[in-house]
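> Sharing a structure with you now.
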Amino acid sequence: MGRKRAVGGIDIPWWAWLTPCVLAPVVLLNVGVAWLGGTRVSPLSFSFLQTKARALGAYAAHRPACVLDAHPPLTPLITETERRHDLPPGLLRALIQVESETRVHRISPAGAMGPGQLMPDTATQMRVEDPFDPAPSIDGSGRYLAEQLRRFRDVRLAVAAYNAGPGSVNGHVPRNGETEFYVARVMAAWAHTRPPPPVAVKRPAAEPSTKGPERAPVVKAAARKARPPAAKPPAKKPASRLPGAPTLASARKP
(Lines give C-alpha, C1' and ligand atoms only; values in the text may rest on other atoms or scores of the structure.)
Protein backbone atom coordinates (compact mmCIF):
# COMPACT_ATOMS: atom_id res chain seq x y z
CA MET A 1 0.00 0.00 0.00
CA GLY A 2 1.03 3.54 -0.61
CA ARG A 3 2.09 5.65 2.23
CA LYS A 4 -0.49 7.89 3.84
CA ARG A 5 -0.19 11.02 5.87
CA ALA A 6 -2.59 11.92 8.60
CA VAL A 7 -3.85 15.47 8.78
CA GLY A 8 -6.28 16.24 11.53
CA GLY A 9 -6.90 12.58 12.07
CA ILE A 10 -7.69 12.00 8.37
CA ASP A 11 -5.46 9.77 6.31
CA ILE A 12 -4.58 11.42 2.94
CA PRO A 13 -3.01 9.23 0.24
CA TRP A 14 0.30 10.28 -1.28
CA TRP A 15 -1.18 11.14 -4.68
CA ALA A 16 -3.39 13.74 -3.01
CA TRP A 17 -0.25 15.52 -1.89
CA LEU A 18 1.28 15.23 -5.32
CA THR A 19 -1.74 16.59 -7.21
CA PRO A 20 -1.29 20.26 -6.19
CA CYS A 21 2.35 20.09 -7.18
CA VAL A 22 1.34 18.91 -10.65
CA LEU A 23 -1.58 21.28 -11.09
CA ALA A 24 0.17 24.41 -9.86
CA PRO A 25 2.36 24.90 -12.97
CA VAL A 26 -0.59 24.20 -15.27
CA VAL A 27 -2.78 26.70 -13.46
CA LEU A 28 -0.06 29.34 -13.47
CA LEU A 29 0.56 28.80 -17.20
CA ASN A 30 -3.10 29.13 -18.13
CA VAL A 31 -3.63 32.13 -15.88
CA GLY A 32 -0.60 33.81 -17.44
CA VAL A 33 -1.93 33.21 -20.95
CA ALA A 34 -5.36 34.52 -20.01
CA TRP A 35 -4.03 37.60 -18.25
CA LEU A 36 -1.13 38.60 -20.48
CA GLY A 37 -2.62 37.38 -23.74
CA GLY A 38 -6.08 38.82 -23.22
CA THR A 39 -7.91 35.56 -23.84
CA ARG A 40 -10.16 33.07 -22.07
CA VAL A 41 -8.75 29.72 -21.06
CA SER A 42 -9.58 27.32 -18.30
CA PRO A 43 -7.00 27.28 -15.49
CA LEU A 44 -7.09 23.48 -15.58
CA SER A 45 -6.67 23.14 -19.34
CA PHE A 46 -4.03 20.59 -20.32
CA SER A 47 -4.29 21.35 -24.04
CA PHE A 48 -1.36 22.90 -25.95
CA LEU A 49 0.78 23.26 -22.83
CA GLN A 50 4.01 23.33 -24.80
CA THR A 51 2.86 25.95 -27.33
CA LYS A 52 1.40 28.12 -24.57
CA ALA A 53 4.70 27.94 -22.70
CA ARG A 54 6.58 28.98 -25.86
CA ALA A 55 4.15 31.82 -26.41
CA LEU A 56 4.67 33.15 -22.89
CA GLY A 57 8.43 32.92 -23.40
CA ALA A 58 8.18 34.97 -26.62
CA TYR A 59 5.96 37.50 -24.85
CA ALA A 60 8.44 37.87 -21.98
CA ALA A 61 11.27 38.46 -24.48
CA HIS A 62 9.27 41.04 -26.42
CA ARG A 63 7.51 43.06 -23.73
CA PRO A 64 10.46 45.14 -22.46
CA ALA A 65 11.02 46.52 -25.98
CA CYS A 66 7.58 48.13 -26.17
CA VAL A 67 7.07 49.37 -22.61
CA LEU A 68 8.13 52.90 -23.47
CA ASP A 69 7.68 52.82 -27.24
CA ALA A 70 4.12 52.18 -28.42
CA HIS A 71 3.46 50.12 -31.51
CA PRO A 72 2.57 51.91 -34.78
CA PRO A 73 -0.97 51.71 -36.22
CA LEU A 74 -1.63 48.38 -37.86
CA THR A 75 -3.76 49.52 -40.80
CA PRO A 76 -0.88 50.98 -42.88
CA LEU A 77 1.23 47.87 -42.19
CA ILE A 78 -1.60 45.58 -43.28
CA THR A 79 -2.29 47.58 -46.44
CA GLU A 80 1.39 47.58 -47.40
CA THR A 81 1.66 43.83 -46.74
CA GLU A 82 -1.36 43.12 -48.96
CA ARG A 83 0.20 45.16 -51.76
CA ARG A 84 3.66 43.58 -51.32
CA HIS A 85 2.40 39.99 -51.48
CA ASP A 86 -0.34 40.60 -54.06
CA LEU A 87 -3.18 39.69 -51.71
CA PRO A 88 -6.79 40.63 -52.43
CA PRO A 89 -7.33 44.09 -50.92
CA GLY A 90 -8.87 43.90 -47.46
CA LEU A 91 -8.50 40.12 -47.02
CA LEU A 92 -5.55 40.17 -44.61
CA ARG A 93 -7.17 42.98 -42.66
CA ALA A 94 -10.36 40.94 -42.27
CA LEU A 95 -8.37 37.88 -41.20
CA ILE A 96 -6.45 39.83 -38.54
CA GLN A 97 -9.67 41.32 -37.22
CA VAL A 98 -11.11 37.84 -36.74
CA GLU A 99 -7.88 36.36 -35.38
CA SER A 100 -6.92 38.94 -32.77
CA GLU A 101 -9.24 41.94 -33.10
CA THR A 102 -6.02 43.76 -34.16
CA ARG A 103 -4.48 43.25 -30.70
CA VAL A 104 -0.70 43.01 -30.92
CA HIS A 105 -0.12 41.06 -27.69
CA ARG A 106 -2.91 38.55 -27.95
CA ILE A 107 -2.21 34.88 -27.12
CA SER A 108 -4.85 32.32 -28.01
CA PRO A 109 -5.83 29.33 -25.83
CA ALA A 110 -3.80 27.21 -28.27
CA GLY A 111 -0.67 29.37 -27.97
CA ALA A 112 -1.01 31.38 -31.22
CA MET A 113 0.64 34.79 -31.01
CA GLY A 114 0.40 38.31 -32.31
CA PRO A 115 -1.96 40.12 -34.69
CA GLY A 116 -2.15 37.24 -37.17
CA GLN A 117 -2.08 34.56 -34.43
CA LEU A 118 0.93 32.65 -35.68
CA MET A 119 1.61 29.35 -34.00
CA PRO A 120 5.21 28.96 -32.78
CA ASP A 121 6.06 26.43 -35.51
CA THR A 122 4.48 28.62 -38.21
CA ALA A 123 6.37 31.66 -36.95
CA THR A 124 9.61 29.67 -37.19
CA GLN A 125 8.67 28.50 -40.69
CA MET A 126 8.02 32.11 -41.79
CA ARG A 127 11.27 33.27 -40.13
CA VAL A 128 9.44 35.59 -37.74
CA GLU A 129 11.67 35.98 -34.71
CA ASP A 130 9.26 38.12 -32.67
CA PRO A 131 5.58 37.31 -33.36
CA PHE A 132 4.53 40.24 -31.16
CA ASP A 133 6.41 42.80 -33.26
CA PRO A 134 3.71 44.06 -35.66
CA ALA A 135 5.80 44.63 -38.79
CA PRO A 136 7.48 41.20 -39.12
CA SER A 137 4.47 39.40 -37.65
CA ILE A 138 2.00 40.88 -40.14
CA ASP A 139 4.44 40.29 -42.98
CA GLY A 140 4.78 36.64 -41.94
CA SER A 141 0.99 36.26 -41.81
CA GLY A 142 0.69 37.84 -45.26
CA ARG A 143 3.34 35.54 -46.75
CA TYR A 144 1.68 32.48 -45.21
CA LEU A 145 -1.75 33.49 -46.53
CA ALA A 146 -0.28 34.21 -49.99
CA GLU A 147 1.24 30.70 -50.03
CA GLN A 148 -2.19 29.17 -49.35
CA LEU A 149 -3.78 31.28 -52.10
CA ARG A 150 -1.19 30.13 -54.62
CA ARG A 151 -1.68 26.54 -53.51
CA PHE A 152 -5.48 26.33 -53.46
CA ARG A 153 -6.42 29.19 -55.85
CA ASP A 154 -9.54 29.83 -53.81
CA VAL A 155 -10.04 32.41 -51.08
CA ARG A 156 -12.23 30.23 -48.86
CA LEU A 157 -9.86 27.28 -49.05
CA ALA A 158 -6.85 29.51 -48.41
CA VAL A 159 -8.50 30.97 -45.30
CA ALA A 160 -9.40 27.46 -44.12
CA ALA A 161 -5.78 26.37 -44.59
CA TYR A 162 -4.58 29.38 -42.60
CA ASN A 163 -6.73 28.23 -39.69
CA ALA A 164 -6.56 24.44 -39.81
CA GLY A 165 -3.34 23.89 -41.76
CA PRO A 166 -3.02 23.04 -45.45
CA GLY A 167 -2.97 19.33 -44.73
CA SER A 168 -6.54 19.51 -43.45
CA VAL A 169 -7.95 21.07 -46.64
CA ASN A 170 -8.75 18.46 -49.28
CA GLY A 171 -10.73 20.41 -51.83
CA HIS A 172 -13.27 21.66 -49.29
CA VAL A 173 -13.47 23.57 -46.03
CA PRO A 174 -12.95 21.05 -43.20
CA ARG A 175 -15.87 20.63 -40.83
CA ASN A 176 -14.18 20.24 -37.47
CA GLY A 177 -16.48 22.45 -35.43
CA GLU A 178 -14.21 25.49 -35.77
CA THR A 179 -12.82 26.08 -39.25
CA GLU A 180 -16.15 26.30 -41.06
CA PHE A 181 -17.31 29.05 -38.69
CA TYR A 182 -13.91 30.74 -38.88
CA VAL A 183 -14.10 30.93 -42.68
CA ALA A 184 -17.62 32.35 -42.53
CA ARG A 185 -16.50 35.07 -40.11
CA VAL A 186 -13.51 36.04 -42.23
CA MET A 187 -15.61 36.22 -45.39
CA ALA A 188 -18.20 38.35 -43.60
CA ALA A 189 -15.49 40.69 -42.34
CA TRP A 190 -13.94 40.85 -45.80
CA ALA A 191 -17.24 42.10 -47.20
CA HIS A 192 -16.70 45.23 -45.06
CA THR A 193 -12.95 45.67 -45.51
CA ARG A 194 -12.66 45.13 -49.26
CA PRO A 195 -12.87 48.25 -51.43
CA PRO A 196 -16.20 48.75 -53.21
CA PRO A 197 -16.25 47.86 -56.91
CA PRO A 198 -16.04 50.80 -59.29
CA VAL A 199 -19.40 52.13 -60.38
CA ALA A 200 -19.82 52.33 -64.14
CA VAL A 201 -21.39 55.63 -65.15
CA LYS A 202 -23.80 55.19 -68.05
CA ARG A 203 -24.09 58.11 -70.37
CA PRO A 204 -27.56 58.85 -71.75
CA ALA A 205 -27.97 57.85 -75.38
CA ALA A 206 -28.06 60.76 -77.80
CA GLU A 207 -31.60 61.44 -79.04
CA PRO A 208 -32.00 61.34 -82.82
CA SER A 209 -32.45 64.81 -84.22
CA THR A 210 -35.64 65.48 -86.23
CA LYS A 211 -34.25 68.57 -87.88
CA GLY A 212 -32.15 68.44 -90.98
CA PRO A 213 -28.50 69.08 -90.76
CA GLU A 214 -27.86 72.61 -89.88
CA ARG A 215 -25.98 74.53 -92.49
CA ALA A 216 -23.14 76.54 -91.37
CA PRO A 217 -23.70 80.18 -92.16
CA VAL A 218 -21.94 81.13 -95.33
CA VAL A 219 -19.33 83.54 -94.47
CA LYS A 220 -18.81 85.86 -97.32
CA ALA A 221 -15.31 86.25 -98.51
CA ALA A 222 -13.98 89.25 -96.65
CA ALA A 223 -16.03 91.65 -94.76
CA ARG A 224 -17.56 94.00 -97.11
CA LYS A 225 -15.74 97.22 -97.22
CA ALA A 226 -17.92 100.22 -97.43
CA ARG A 227 -17.30 101.74 -100.81
CA PRO A 228 -17.06 105.52 -100.77
CA PRO A 229 -19.83 107.21 -102.78
CA ALA A 230 -18.84 108.05 -106.37
CA ALA A 231 -17.65 111.59 -106.66
CA LYS A 232 -19.97 113.79 -108.72
CA PRO A 233 -18.35 115.58 -111.70
CA PRO A 234 -17.87 119.24 -111.03
CA ALA A 235 -20.53 121.52 -112.48
CA LYS A 236 -19.46 123.43 -115.61
CA LYS A 237 -19.26 127.09 -115.06
CA PRO A 238 -20.46 129.41 -117.88
CA ALA A 239 -17.65 130.96 -119.78
CA SER A 240 -16.97 134.34 -118.48
CA ARG A 241 -17.33 137.24 -120.88
CA LEU A 242 -14.51 139.59 -121.31
CA PRO A 243 -15.41 143.18 -120.78
CA GLY A 244 -15.90 145.12 -124.02
CA ALA A 245 -16.37 141.99 -126.15
CA PRO A 246 -19.30 142.14 -128.62
CA THR A 247 -22.31 140.02 -127.92
CA LEU A 248 -22.89 137.43 -130.61
CA ALA A 249 -26.34 137.37 -132.00
CA SER A 250 -28.32 134.21 -132.09
CA ALA A 251 -27.94 132.14 -135.21
CA ARG A 252 -31.68 131.73 -135.51
CA LYS A 253 -33.43 134.02 -137.91
CA PRO A 254 -36.62 135.56 -136.80
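Just remember, in the C-alpha coordinates the first chain shown is A, the second B, etc., residues are 1-based per chain, and ligands are 1-based in the order shown.
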Give me the residues within 12 Å of stretch 150-153 of chain A as an MDAnalysis selection string, counting only C-alpha atoms and dropping any in the same chain fewer than 6 places off.
chainID A and resid 85:88 143:144 159:162 166:167 169:173
> Neighbouring residues of stretch 117-127 of chain A were defined as those with any atom within 12 Å, considering only C-alpha atoms; residues of the same chain fewer than 2 positions away were excluded. Please report them as a PyMOL selection string.
chain A and resi 37+48+50-59+95-115+129-134+136-147+162-166
> Which value, in Å to one decimal, gives the distance between atom CA of A:Arg185 and atom CA of A:Pro89?
16.8 Å
> Expressed in Å to a single decimal, how great is the separation between atom CA of A:Leu36 and atom CA of A:Glu82?
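Spanning atom CA of A:Leu36 to atom CA of A:Glu82 is a straight-line distance of 28.8 Å.
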> As an MDAnalysis selection string, please: every residue in stretch 12-239 of chain A that a backbone DSSP assignment puts in alpha helix (DSSP H).
chainID A and resid 14:37 49:62 74:84 91:100 120:125 134:152 155:164 179:193
> Between atom CA of A:Thr193 and atom CA of A:Ser168, measure the distance and give it in Å to one decimal.
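Calculated distance between atom CA of A:Thr193 and atom CA of A:Ser168 is 27.0 Å.
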> Which residue gives the smallest distance to A:Leu92 among A:Thr79, A:Asn30, A:Thr179, A:Ser42, with only C-alpha atoms counted?
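Of A:Thr79, A:Asn30, A:Thr179, A:Ser42, the one nearest A:Leu92 is A:Thr79, counting only C-alpha atoms.
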> Would you kindly return, as a list in words, each protein, DNA or RNA residue with an atom no farther than 10 Å from any atom of A:Thr75, considering only C-alpha atoms and excluding same-chain residues fewer than 5 positions away?
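With the cut-off at 10 Å, the set is Glu80, Thr81, Arg93 and Thr102 of chain A.
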